[in-house]
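File shown: run_14.txt (compact mmCIF, C-alpha atoms).
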# COMPACT_ATOMS: atom_id res chain seq x y z
CA MET A 1 106.55 43.86 80.93
CA ALA A 2 108.32 42.94 77.73
CA THR A 3 110.35 45.59 75.93
CA GLU A 4 111.57 44.98 72.41
CA ASN A 5 114.71 46.59 71.01
CA PRO A 6 115.68 45.08 67.64
CA THR A 7 119.15 45.78 66.29
CA THR A 8 119.59 44.84 62.65
CA SER A 9 122.11 45.38 59.90
CA ALA A 10 122.80 43.94 56.49
CA SER A 11 124.69 41.06 58.06
CA ASN A 12 122.94 40.53 61.38
CA SER A 13 119.42 40.17 62.74
CA VAL A 14 119.46 40.72 66.48
CA THR A 15 116.35 40.97 68.65
CA ILE A 16 116.72 42.10 72.26
CA ARG A 17 113.55 41.58 74.24
CA THR A 18 113.01 41.01 77.93
CA GLY A 19 110.85 37.90 78.13
CA ALA A 20 111.72 36.78 74.59
CA LEU A 21 111.76 33.11 75.62
CA GLU A 22 108.09 33.39 76.57
CA TYR A 23 107.32 34.63 73.06
CA LEU A 24 109.83 32.47 71.20
CA GLU A 25 107.27 30.93 68.84
CA GLU A 26 106.36 34.45 67.72
CA HIS A 27 109.99 35.19 66.84
CA LEU A 28 110.72 31.81 65.24
CA ALA A 29 107.57 31.40 63.12
CA PRO A 30 108.57 33.79 60.28
CA MET A 31 111.83 31.86 59.80
CA MET A 32 110.31 28.39 59.80
CA SER A 33 108.22 28.29 56.64
CA ARG A 34 110.60 25.85 54.93
CA CYS A 35 112.07 24.23 58.05
CA SER A 36 111.87 20.43 58.28
CA HIS A 37 113.34 19.85 61.76
CA VAL A 38 114.61 21.90 64.71
CA CYS A 39 117.65 20.66 66.62
CA VAL A 40 118.48 22.40 69.90
CA ILE A 41 122.15 22.25 70.96
CA SER A 42 122.80 23.18 74.58
CA ASP A 43 124.59 22.03 77.72
CA ASN A 44 123.06 20.27 80.72
CA THR A 45 123.04 23.30 83.01
CA VAL A 46 121.43 25.68 80.53
CA PHE A 47 118.98 23.09 79.23
CA SER A 48 117.82 22.30 82.76
CA GLN A 49 116.97 25.99 83.20
CA TYR A 50 115.51 26.92 79.81
CA GLY A 51 115.17 23.75 77.75
CA GLU A 52 111.57 22.95 78.59
CA ARG A 53 110.48 26.52 77.90
CA VAL A 54 112.20 26.51 74.51
CA THR A 55 111.00 23.07 73.43
CA GLU A 56 107.41 23.92 74.41
CA GLN A 57 107.58 27.00 72.18
CA ILE A 58 108.98 24.90 69.31
CA LYS A 59 106.07 22.46 69.71
CA LEU A 60 103.72 25.32 68.83
CA LEU A 61 105.36 25.37 65.39
CA ASN A 62 104.32 21.74 64.76
CA LEU A 63 107.83 20.76 63.69
CA PRO A 64 109.88 17.67 64.58
CA GLN A 65 112.58 18.53 67.11
CA SER A 66 115.57 16.94 68.79
CA LYS A 67 118.22 18.02 71.25
CA ILE A 68 121.97 17.53 71.64
CA LEU A 69 123.62 18.23 74.99
CA ILE A 70 127.34 18.97 75.05
CA PRO A 71 129.75 19.37 77.99
CA GLN A 72 130.03 22.76 79.64
CA GLY A 73 132.92 25.18 79.27
CA GLU A 74 135.78 26.00 76.92
CA ALA A 75 137.25 22.50 77.19
CA ALA A 76 134.24 21.24 75.20
CA LYS A 77 135.32 23.17 72.10
CA THR A 78 136.96 20.24 70.34
CA LEU A 79 136.62 18.39 67.05
CA GLU A 80 135.55 15.34 69.06
CA ILE A 81 132.52 17.18 70.44
CA ALA A 82 131.73 18.57 66.99
CA LYS A 83 131.85 15.02 65.62
CA LEU A 84 129.42 13.85 68.31
CA CYS A 85 127.05 16.63 67.24
CA TRP A 86 127.27 15.63 63.57
CA GLU A 87 126.61 11.99 64.43
CA GLN A 88 123.53 12.86 66.47
CA MET A 89 122.33 15.27 63.77
CA GLU A 90 122.60 12.46 61.25
CA GLN A 91 120.79 10.04 63.58
CA ALA A 92 117.97 12.56 64.02
CA GLN A 93 117.72 12.72 60.20
CA LEU A 94 118.38 16.43 59.85
CA ASP A 95 118.45 17.63 56.26
CA ARG A 96 119.36 20.83 54.45
CA ARG A 97 116.08 22.47 55.51
CA SER A 98 116.69 21.76 59.19
CA ILE A 99 117.61 24.52 61.63
CA VAL A 100 119.97 24.31 64.60
CA ILE A 101 119.19 26.43 67.66
CA ALA A 102 122.15 27.21 69.91
CA LEU A 103 120.86 27.67 73.45
CA GLY A 104 123.61 28.70 75.85
CA GLY A 105 126.80 30.71 76.27
CA GLY A 106 129.76 31.32 74.03
CA THR A 107 130.94 27.71 73.92
CA VAL A 108 127.52 26.45 72.85
CA CYS A 109 127.22 29.17 70.19
CA ASP A 110 130.70 28.34 68.85
CA ILE A 111 130.11 24.58 68.72
CA ALA A 112 126.53 24.74 67.44
CA GLY A 113 127.44 27.29 64.79
CA PHE A 114 130.43 25.21 63.69
CA ALA A 115 128.39 22.00 63.57
CA ALA A 116 125.65 23.71 61.54
CA SER A 117 128.13 25.32 59.15
CA CYS A 118 129.69 21.96 58.23
CA PHE A 119 126.72 19.59 58.31
CA MET A 120 125.59 18.94 54.72
CA ARG A 121 127.90 21.86 53.78
CA GLY A 122 125.86 24.27 55.86
CA ILE A 123 122.41 24.48 57.43
CA ASP A 124 120.79 27.44 59.17
CA CYS A 125 121.49 28.26 62.80
CA ILE A 126 119.72 30.53 65.30
CA HIS A 127 121.45 31.71 68.47
CA ILE A 128 119.67 32.16 71.78
CA PRO A 129 122.52 33.34 74.05
CA THR A 130 122.07 32.96 77.81
CA THR A 131 125.24 34.64 79.15
CA LEU A 132 126.22 38.29 79.03
CA LEU A 133 129.40 37.47 77.10
CA ALA A 134 127.44 35.61 74.43
CA MET A 135 124.75 38.31 74.24
CA CYS A 136 127.31 41.08 73.78
CA ASP A 137 129.90 39.29 71.68
CA ALA A 138 130.15 35.55 71.04
CA ALA A 139 126.68 34.99 69.53
CA ILE A 140 126.97 37.94 67.13
CA GLY A 141 128.97 37.99 63.93
CA GLY A 142 129.05 34.46 62.56
CA LYS A 143 132.45 33.30 63.82
CA THR A 144 132.38 29.62 64.77
CA GLY A 145 135.20 27.43 65.94
CA VAL A 146 136.85 24.80 68.05
CA ASN A 147 140.25 24.68 69.70
CA LEU A 148 143.05 22.48 68.44
CA GLY A 149 144.98 21.36 71.49
CA SER A 150 145.95 24.54 73.34
CA ARG A 151 145.47 26.75 70.27
CA LYS A 152 142.21 28.64 70.57
CA ASN A 153 139.66 28.69 67.74
CA LEU A 154 142.20 27.40 65.24
CA ILE A 155 139.56 25.38 63.37
CA GLY A 156 136.40 27.21 62.38
CA THR A 157 134.17 28.85 59.81
CA PHE A 158 132.29 32.07 59.14
CA HIS A 159 128.61 31.16 59.27
CA GLN A 160 126.15 33.97 59.90
CA PRO A 161 123.24 32.92 62.16
CA LYS A 162 119.79 33.37 60.69
CA ALA A 163 118.83 35.27 63.83
CA ILE A 164 120.06 36.07 67.33
CA ILE A 165 117.32 36.26 69.96
CA ILE A 166 118.46 37.83 73.24
CA ASP A 167 116.41 37.70 76.43
CA PRO A 168 118.10 39.80 79.15
CA ALA A 169 115.90 38.05 81.73
CA CYS A 170 118.22 35.03 81.39
CA LEU A 171 120.85 37.03 83.26
CA THR A 172 118.89 36.85 86.52
CA SER A 173 120.14 33.29 87.08
CA LEU A 174 123.65 33.79 85.66
CA PRO A 175 126.40 33.15 88.25
CA ASP A 176 128.18 36.31 89.41
CA ARG A 177 131.48 35.14 87.96
CA GLU A 178 129.91 34.65 84.52
CA LEU A 179 128.30 38.09 84.68
CA ARG A 180 131.65 39.73 85.43
CA SER A 181 133.27 37.73 82.64
CA GLY A 182 130.75 39.14 80.17
CA LEU A 183 131.44 42.68 81.32
CA ALA A 184 135.04 42.29 80.11
CA GLU A 185 133.88 42.24 76.49
CA VAL A 186 131.67 45.30 77.11
CA ILE A 187 134.67 47.11 78.61
CA LYS A 188 136.63 46.16 75.48
CA TYR A 189 134.04 47.88 73.26
CA GLY A 190 134.35 51.01 75.37
CA VAL A 191 138.15 51.06 75.20
CA ILE A 192 138.43 50.48 71.46
CA ASN A 193 135.31 52.13 70.09
CA ASP A 194 133.17 54.22 72.41
CA ALA A 195 134.53 56.60 75.05
CA ASP A 196 130.99 57.41 76.18
CA LEU A 197 130.32 53.72 76.82
CA LEU A 198 133.48 53.46 78.90
CA SER A 199 132.47 56.50 80.96
CA SER A 200 129.01 55.01 81.45
CA LEU A 201 130.53 51.75 82.67
CA GLU A 202 132.72 53.66 85.12
CA ASN A 203 129.69 55.52 86.46
CA ASN A 204 127.18 52.64 86.49
CA MET A 205 129.21 49.53 87.30
CA GLU A 206 127.44 49.04 90.64
CA SER A 207 124.05 48.93 88.89
CA LEU A 208 125.33 46.40 86.36
CA LEU A 209 126.76 44.14 89.05
CA ALA A 210 123.46 44.44 90.93
CA ARG A 211 121.74 43.27 87.69
CA ASP A 212 119.63 46.34 87.21
CA PRO A 213 117.48 45.32 84.20
CA ALA A 214 117.57 48.70 82.47
CA ALA A 215 121.33 49.04 82.89
CA LEU A 216 122.02 45.54 81.56
CA THR A 217 119.66 45.93 78.60
CA SER A 218 121.32 49.23 77.72
CA VAL A 219 124.86 47.79 77.60
CA ILE A 220 123.65 44.76 75.61
CA GLU A 221 122.03 47.08 73.06
CA THR A 222 125.16 49.24 72.79
CA ALA A 223 127.52 46.27 72.49
CA ALA A 224 125.30 44.56 69.92
CA HIS A 225 125.11 47.75 67.87
CA ILE A 226 128.91 48.12 67.87
CA LYS A 227 129.51 44.46 66.98
CA CYS A 228 126.91 44.48 64.20
CA ALA A 229 128.35 47.65 62.67
CA VAL A 230 131.87 46.22 62.63
CA VAL A 231 130.73 42.86 61.21
CA GLU A 232 128.73 44.61 58.50
CA GLN A 233 131.95 46.33 57.37
CA ASP A 234 134.19 43.28 57.63
CA PHE A 235 132.45 39.93 57.98
CA HIS A 236 135.52 37.84 57.13
CA ASP A 237 137.88 39.54 59.58
CA LYS A 238 140.23 41.07 57.01
CA GLY A 239 140.07 44.67 58.20
CA ALA A 240 138.27 46.61 60.94
CA ARG A 241 136.96 43.49 62.67
CA VAL A 242 140.48 42.62 63.82
CA TYR A 243 140.27 45.52 66.30
CA LEU A 244 137.75 43.48 68.30
CA ASN A 245 140.73 41.30 69.24
CA PHE A 246 142.08 43.95 71.62
CA GLY A 247 143.58 42.03 74.55
CA HIS A 248 142.90 38.68 72.92
CA THR A 249 146.42 37.81 71.76
CA PHE A 250 147.46 37.83 75.41
CA SER A 251 144.22 36.23 76.66
CA HIS A 252 144.27 33.34 74.18
CA ALA A 253 147.85 32.57 75.21
CA LEU A 254 146.87 32.63 78.91
CA GLU A 255 143.89 30.35 78.31
CA GLY A 256 146.01 27.88 76.36
CA LEU A 257 148.83 27.82 78.92
CA THR A 258 146.32 27.11 81.70
CA ASP A 259 144.50 24.39 79.67
CA TYR A 260 141.26 26.42 79.58
CA LYS A 261 140.66 25.42 83.20
CA HIS A 262 141.71 28.44 85.27
CA TYR A 263 140.04 31.42 83.60
CA LEU A 264 136.67 32.15 82.09
CA HIS A 265 137.18 33.79 78.71
CA GLY A 266 136.26 37.27 79.94
CA GLU A 267 138.63 36.94 82.89
CA ALA A 268 141.51 36.18 80.53
CA VAL A 269 140.42 39.06 78.29
CA ALA A 270 140.56 41.47 81.26
CA ILE A 271 144.17 40.49 81.99
CA GLY A 272 144.91 40.61 78.26
CA MET A 273 143.53 44.15 77.92
CA CYS A 274 145.69 45.32 80.82
CA CYS A 275 148.73 43.73 79.15
CA ALA A 276 147.83 45.27 75.78
CA ALA A 277 147.49 48.68 77.43
CA GLN A 278 150.91 48.23 79.04
CA LEU A 279 152.38 47.25 75.66
CA SER A 280 150.78 50.33 74.10
CA LYS A 281 152.49 52.48 76.73
CA GLN A 282 155.77 50.62 76.21
CA LEU A 283 155.60 51.51 72.52
CA GLY A 284 154.89 55.16 73.28
CA PHE A 285 151.27 55.33 72.08
CA ILE A 286 149.59 56.16 75.42
CA ASP A 287 150.58 57.47 78.82
CA GLU A 288 150.21 56.04 82.31
CA THR A 289 146.74 57.52 82.86
CA VAL A 290 145.21 55.38 80.08
CA VAL A 291 146.84 52.20 81.43
CA GLU A 292 145.50 53.02 84.89
CA ARG A 293 142.02 53.67 83.51
CA VAL A 294 141.86 50.32 81.70
CA GLU A 295 143.04 48.48 84.79
CA ALA A 296 140.73 50.42 87.13
CA ILE A 297 137.55 49.62 85.21
CA CYS A 298 138.43 45.92 85.10
CA ILE A 299 139.01 45.95 88.87
CA LYS A 300 135.72 47.81 89.37
CA ALA A 301 133.97 45.03 87.46
CA GLY A 302 135.51 42.45 89.80
CA LEU A 303 137.74 41.03 87.08
CA PRO A 304 141.31 39.74 87.53
CA THR A 305 144.07 41.98 86.24
CA LYS A 306 147.19 40.29 87.64
CA LEU A 307 149.34 38.07 85.44
CA PRO A 308 149.45 34.46 86.65
CA ASN A 309 152.57 32.52 87.52
CA VAL A 310 153.50 31.53 83.97
CA SER A 311 156.86 32.47 82.48
CA ASP A 312 157.09 35.41 80.11
CA ASP A 313 159.03 33.18 77.70
CA ALA A 314 156.18 30.68 77.60
CA LEU A 315 153.61 33.44 77.20
CA THR A 316 155.38 35.16 74.32
CA GLU A 317 156.04 31.81 72.61
CA LYS A 318 152.33 30.97 72.85
CA MET A 319 151.48 34.40 71.43
CA THR A 320 153.53 33.63 68.30
CA GLN A 321 151.13 30.72 67.68
CA ASP A 322 148.02 32.91 67.66
CA LYS A 323 146.05 32.68 64.41
CA LYS A 324 146.49 36.43 63.82
CA THR A 325 150.28 36.17 63.68
CA GLN A 326 152.41 36.12 60.56
CA ARG A 327 155.47 33.90 60.13
CA GLY A 328 155.95 33.30 63.83
CA THR A 329 156.03 36.95 64.90
CA ILE A 330 153.57 38.61 67.27
CA THR A 331 150.57 40.64 66.16
CA CYS A 332 148.65 42.74 68.70
CA ILE A 333 145.94 45.36 68.77
CA VAL A 334 147.25 48.43 70.57
CA ILE A 335 145.58 51.68 71.58
CA ASN A 336 146.49 55.28 70.79
CA GLY A 337 143.88 56.39 73.30
CA ILE A 338 140.35 55.52 74.33
CA GLY A 339 138.40 54.79 71.15
CA ASP A 340 141.50 54.81 68.95
CA VAL A 341 143.11 51.48 68.09
CA MET A 342 145.42 49.99 65.50
CA LYS A 343 146.90 46.65 64.53
CA LEU A 344 150.65 46.12 64.86
CA ASP A 345 152.37 43.24 63.07
CA ASN A 346 155.88 41.84 63.53
CA ILE A 347 156.28 42.93 67.15
CA ALA A 348 159.56 41.61 68.54
CA SER A 349 159.18 39.11 71.38
CA GLN A 350 161.65 41.13 73.45
CA ILE A 351 159.37 44.18 73.38
CA VAL A 352 156.43 42.07 74.55
CA LYS A 353 158.58 40.59 77.33
CA GLU A 354 159.55 44.09 78.45
CA ALA A 355 155.87 45.02 78.61
CA LEU A 356 155.10 41.87 80.59
CA HIS A 357 157.95 42.65 82.98
CA ALA A 358 156.55 46.17 83.51
CA LYS A 359 153.08 44.67 84.06
CA ARG A 360 154.40 42.32 86.72
CA LYS A 361 156.05 45.26 88.50
CA ARG A 362 152.70 47.06 88.40
CA ASP A 363 150.99 43.96 89.83
CA ALA A 364 153.53 43.78 92.64
CA ARG A 365 153.02 47.46 93.52
CA ALA A 366 149.25 47.02 93.56
CA GLU A 367 149.55 43.95 95.78
CA ALA A 368 151.86 45.78 98.17
CA THR A 369 149.46 48.71 98.37
CA THR A 370 146.53 46.39 99.06
CA SER A 371 148.46 44.56 101.79
CA ALA A 372 149.43 47.86 103.42
CA THR A 373 145.79 48.94 103.68
CA LEU A 374 144.60 45.71 105.32

Starting from the file, give its structure as structure tokens.
Amino acid sequence: MATENPTTSASNSVTIRTGALEYLEEHLAPMMSRCSHVCVISDNTVFSQYGERVTEQIKLLNLPQSKILIPQGEAAKTLEIAKLCWEQMEQAQLDRRSIVIALGGGTVCDIAGFAASCFMRGIDCIHIPTTLLAMCDAAIGGKTGVNLGSRKNLIGTFHQPKAIIIDPACLTSLPDRELRSGLAEVIKYGVINDADLLSSLENNMESLLARDPAALTSVIETAAHIKCAVVEQDFHDKGARVYLNFGHTFSHALEGLTDYKHYLHGEAVAIGMCCAAQLSKQLGFIDETVVERVEAICIKAGLPTKLPNVSDDALTEKMTQDKKTQRGTITCIVINGIGDVMKLDNIASQIVKEALHAKRKRDARAEATTSATL
């Protein structure tokens, strides 16, 4: 049975509907009155699962369509891949009335949105996210981008999608690791914005990991509502939207230092949130109980929390290269408590290193405790 839960704001149009892919023509038709061509951008894995269903629905619109398949994963977020998309869009004779549909996870949404935003100085894009992370975060808000070397999302645009169509049924085939990765961004919303959401995650994590449809739909709705409200206030990331980067200064550095090959984005975010909580304690904003709570919910979700074997010098140096930094210093989002965050600029590298050192001591204690109980 399909249930429809639309979440809209001045800057976003999000539809959450179980079974939405089966009714895609119904959702797309009102947006296609002037459309000349539909181009689906996806990756091989996602397209093999949902591509036929989507293209059959597009056929009902009697519009020309084409597809572009890109490599899977964060390593595909490059200017070279974007260029391949533009070349194939040109070959398919897309014009300014064409619409790109991003079918996939966060990487696909980032690349497809970026390609659409630049092609002919901008054509419309619709997101159909198929991972929990994309449904709750990456597909919403109009940020697009590619990495430049090891620097994450350094090249990009703000390009609001015409619509975001979310079908929670897609999560039934999502690998467990991808599901857990998506939960990291939901945890982030709880920590920075919604204490009730965090409590709900603590109480219902088993149901989420078991893919209970009602539980998953509920967290998607809550996360989408939070993201839409923030984006409506601050589309261009000059104010409140920066708080959504909690944990991300650390996580982007970790992803870059490991060449985007070791961690899924949400896994790096989980470690980053634990580091940001430790930094917040180091600076005197929170006590030990809040640090423990952030770490405990990440562990409950099956996410990594331990820092990898990279040097603190390398990590802090990479953090100074984050796009949020100013003049080579470190900028981080820190917490005063659950639901209370602030941005700190010009943080000395030594303070961050001290927080990382304290985090490694915490990791060692946790590992020792685990070993003792085996």

**OP:** Just give me the gap between CA of Leu254 in chain A and CA of Lys318 in chain A in Å, one decimal is fine.
**Re:** 8.3 Å

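Here CA of Leu79 in chain A stands at a distance of 10.8 Å from CA of Asn153 in chain A.
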
Write out as a PDB file with C-alpha atoms, in the coordinates of the input each polymer residue whose atoms come within 8 Å of Gly337 in chain A, counting only C-alpha atoms; drop sequence neighbours fewer than 2 positions from it.
ATOM      1  CA  PHE A 285     151.270  55.330  72.080  1.00  0.00           C
ATOM      2  CA  ILE A 286     149.590  56.160  75.420  1.00  0.00           C
ATOM      3  CA  VAL A 290     145.210  55.380  80.080  1.00  0.00           C
ATOM      4  CA  ILE A 335     145.580  51.680  71.580  1.00  0.00           C
ATOM      5  CA  GLY A 339     138.400  54.790  71.150  1.00  0.00           C
ATOM      6  CA  ASP A 340     141.500  54.810  68.950  1.00  0.00           C
ATOM      7  CA  VAL A 341     143.110  51.480  68.090  1.00  0.00           C
TER       8      VAL A 341
END

**OP:** Could you give me, as a PyMOL selection string, the residues within 9 Å of Val352 in chain A, counting all atoms listed in the file and dropping anything in the same chain fewer than 5 positions from it?
**Re:** chain A and resi 279+282+312+316+330+347+357

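Between CA of Ala366 in chain A and CA of Gly272 in chain A the separation is 17.1 Å.
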
Original post:
A:Ile297, A:Leu198, A:Ile333, A:Cys275: which is nearest Phe246 in chain A, counting all atoms listed in the file?
Top reply: A:Ile333

Would you compute, for all listed atoms of range 312-330 of chain A, the axis-aligned bounding box grown by 3 Å on each side, and then report its centre and edge lengths in Å rounded to one decimal, as JSON?
{"center_x": 152.5, "center_y": 34.6, "center_z": 70.1, "size_x": 19.0, "size_y": 13.9, "size_z": 26.0}

Subject >> Shell around Val54 in chain A at 12 Å using all atoms listed in the file, local window under 4 positions removed, as a PyMOL selection string >> reply: chain A and resi 20-28+38-42+46-50+58-61+65-67+101-104+128+165

Subject >> All residues 12 Å or closer to Ile111 in chain A, only C-alpha atoms, same chain fewer than 5 positions away omitted, as a ChimeraX atom specification >> reply: /A:40-43,68-86,100-106,116-118,125,127,138-139,142-147,153,155-157,159

Go ahead and save the picked residues with C-alpha atoms, as a compact mmCIF listing (two decimals), in the coordinates of the input.
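Saved file selection02.txt follows:
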# COMPACT_ATOMS: atom_id res chain seq x y z
CA VAL A 40 118.48 22.40 69.90
CA ILE A 41 122.15 22.25 70.96
CA SER A 42 122.80 23.18 74.58
CA ASP A 43 124.59 22.03 77.72
CA ILE A 68 121.97 17.53 71.64
CA LEU A 69 123.62 18.23 74.99
CA ILE A 70 127.34 18.97 75.05
CA PRO A 71 129.75 19.37 77.99
CA GLN A 72 130.03 22.76 79.64
CA GLY A 73 132.92 25.18 79.27
CA GLU A 74 135.78 26.00 76.92
CA ALA A 75 137.25 22.50 77.19
CA ALA A 76 134.24 21.24 75.20
CA LYS A 77 135.32 23.17 72.10
CA THR A 78 136.96 20.24 70.34
CA LEU A 79 136.62 18.39 67.05
CA GLU A 80 135.55 15.34 69.06
CA ILE A 81 132.52 17.18 70.44
CA ALA A 82 131.73 18.57 66.99
CA LYS A 83 131.85 15.02 65.62
CA LEU A 84 129.42 13.85 68.31
CA CYS A 85 127.05 16.63 67.24
CA TRP A 86 127.27 15.63 63.57
CA VAL A 100 119.97 24.31 64.60
CA ILE A 101 119.19 26.43 67.66
CA ALA A 102 122.15 27.21 69.91
CA LEU A 103 120.86 27.67 73.45
CA GLY A 104 123.61 28.70 75.85
CA GLY A 105 126.80 30.71 76.27
CA GLY A 106 129.76 31.32 74.03
CA ALA A 116 125.65 23.71 61.54
CA SER A 117 128.13 25.32 59.15
CA CYS A 118 129.69 21.96 58.23
CA CYS A 125 121.49 28.26 62.80
CA HIS A 127 121.45 31.71 68.47
CA ALA A 138 130.15 35.55 71.04
CA ALA A 139 126.68 34.99 69.53
CA GLY A 142 129.05 34.46 62.56
CA LYS A 143 132.45 33.30 63.82
CA THR A 144 132.38 29.62 64.77
CA GLY A 145 135.20 27.43 65.94
CA VAL A 146 136.85 24.80 68.05
CA ASN A 147 140.25 24.68 69.70
CA ASN A 153 139.66 28.69 67.74
CA ILE A 155 139.56 25.38 63.37
CA GLY A 156 136.40 27.21 62.38
CA THR A 157 134.17 28.85 59.81
CA HIS A 159 128.61 31.16 59.27

Original post:
In file coordinates, which residues lie within 10 Å of (124.8, 47.5, 71.4) using all atoms listed in the file, given as number ranges by chain?
Top reply: A: 7, 14, 16, 135-137, 186, 189, 197, 217-229

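Using all atoms listed in the file, the nearest neighbour of Glu288 in chain A within the list A:Ala358, A:Leu154, A:Ala314, A:Leu244 is A:Ala358.
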
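Distance check against Lys359 in chain A using all atoms listed in the file: of A:Thr18, A:Gln278, A:Thr329, A:Thr305, the minimum falls on A:Gln278.
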
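Nearest to Ser181 in chain A of all the residues A:Gly239, A:Pro308, A:Gly284, A:Gly302 is A:Gly302, counting only C-alpha atoms.
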
Subject >> Top pick for closest residue to Met273 in chain A, considering A:Ala29, A:Ile164, A:Val230, A:Val191 and counting all atoms listed in the file >> reply: A:Val191

Original post:
Which residues come within 12 Å of Asp95 in chain A, counting all atoms listed in the file, excluding same-chain residues fewer than 4 positions away, as a ChimeraX atom specification?
Top reply: /A:34-39,64,86,89-91,99-100,116,119-124

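Minimum atom-to-atom distances from A:Thr130, A:Gln93, A:Thr320, A:Pro30 to Leu174 in chain A were compared using only C-alpha atoms, and the lowest value belongs to A:Thr130.
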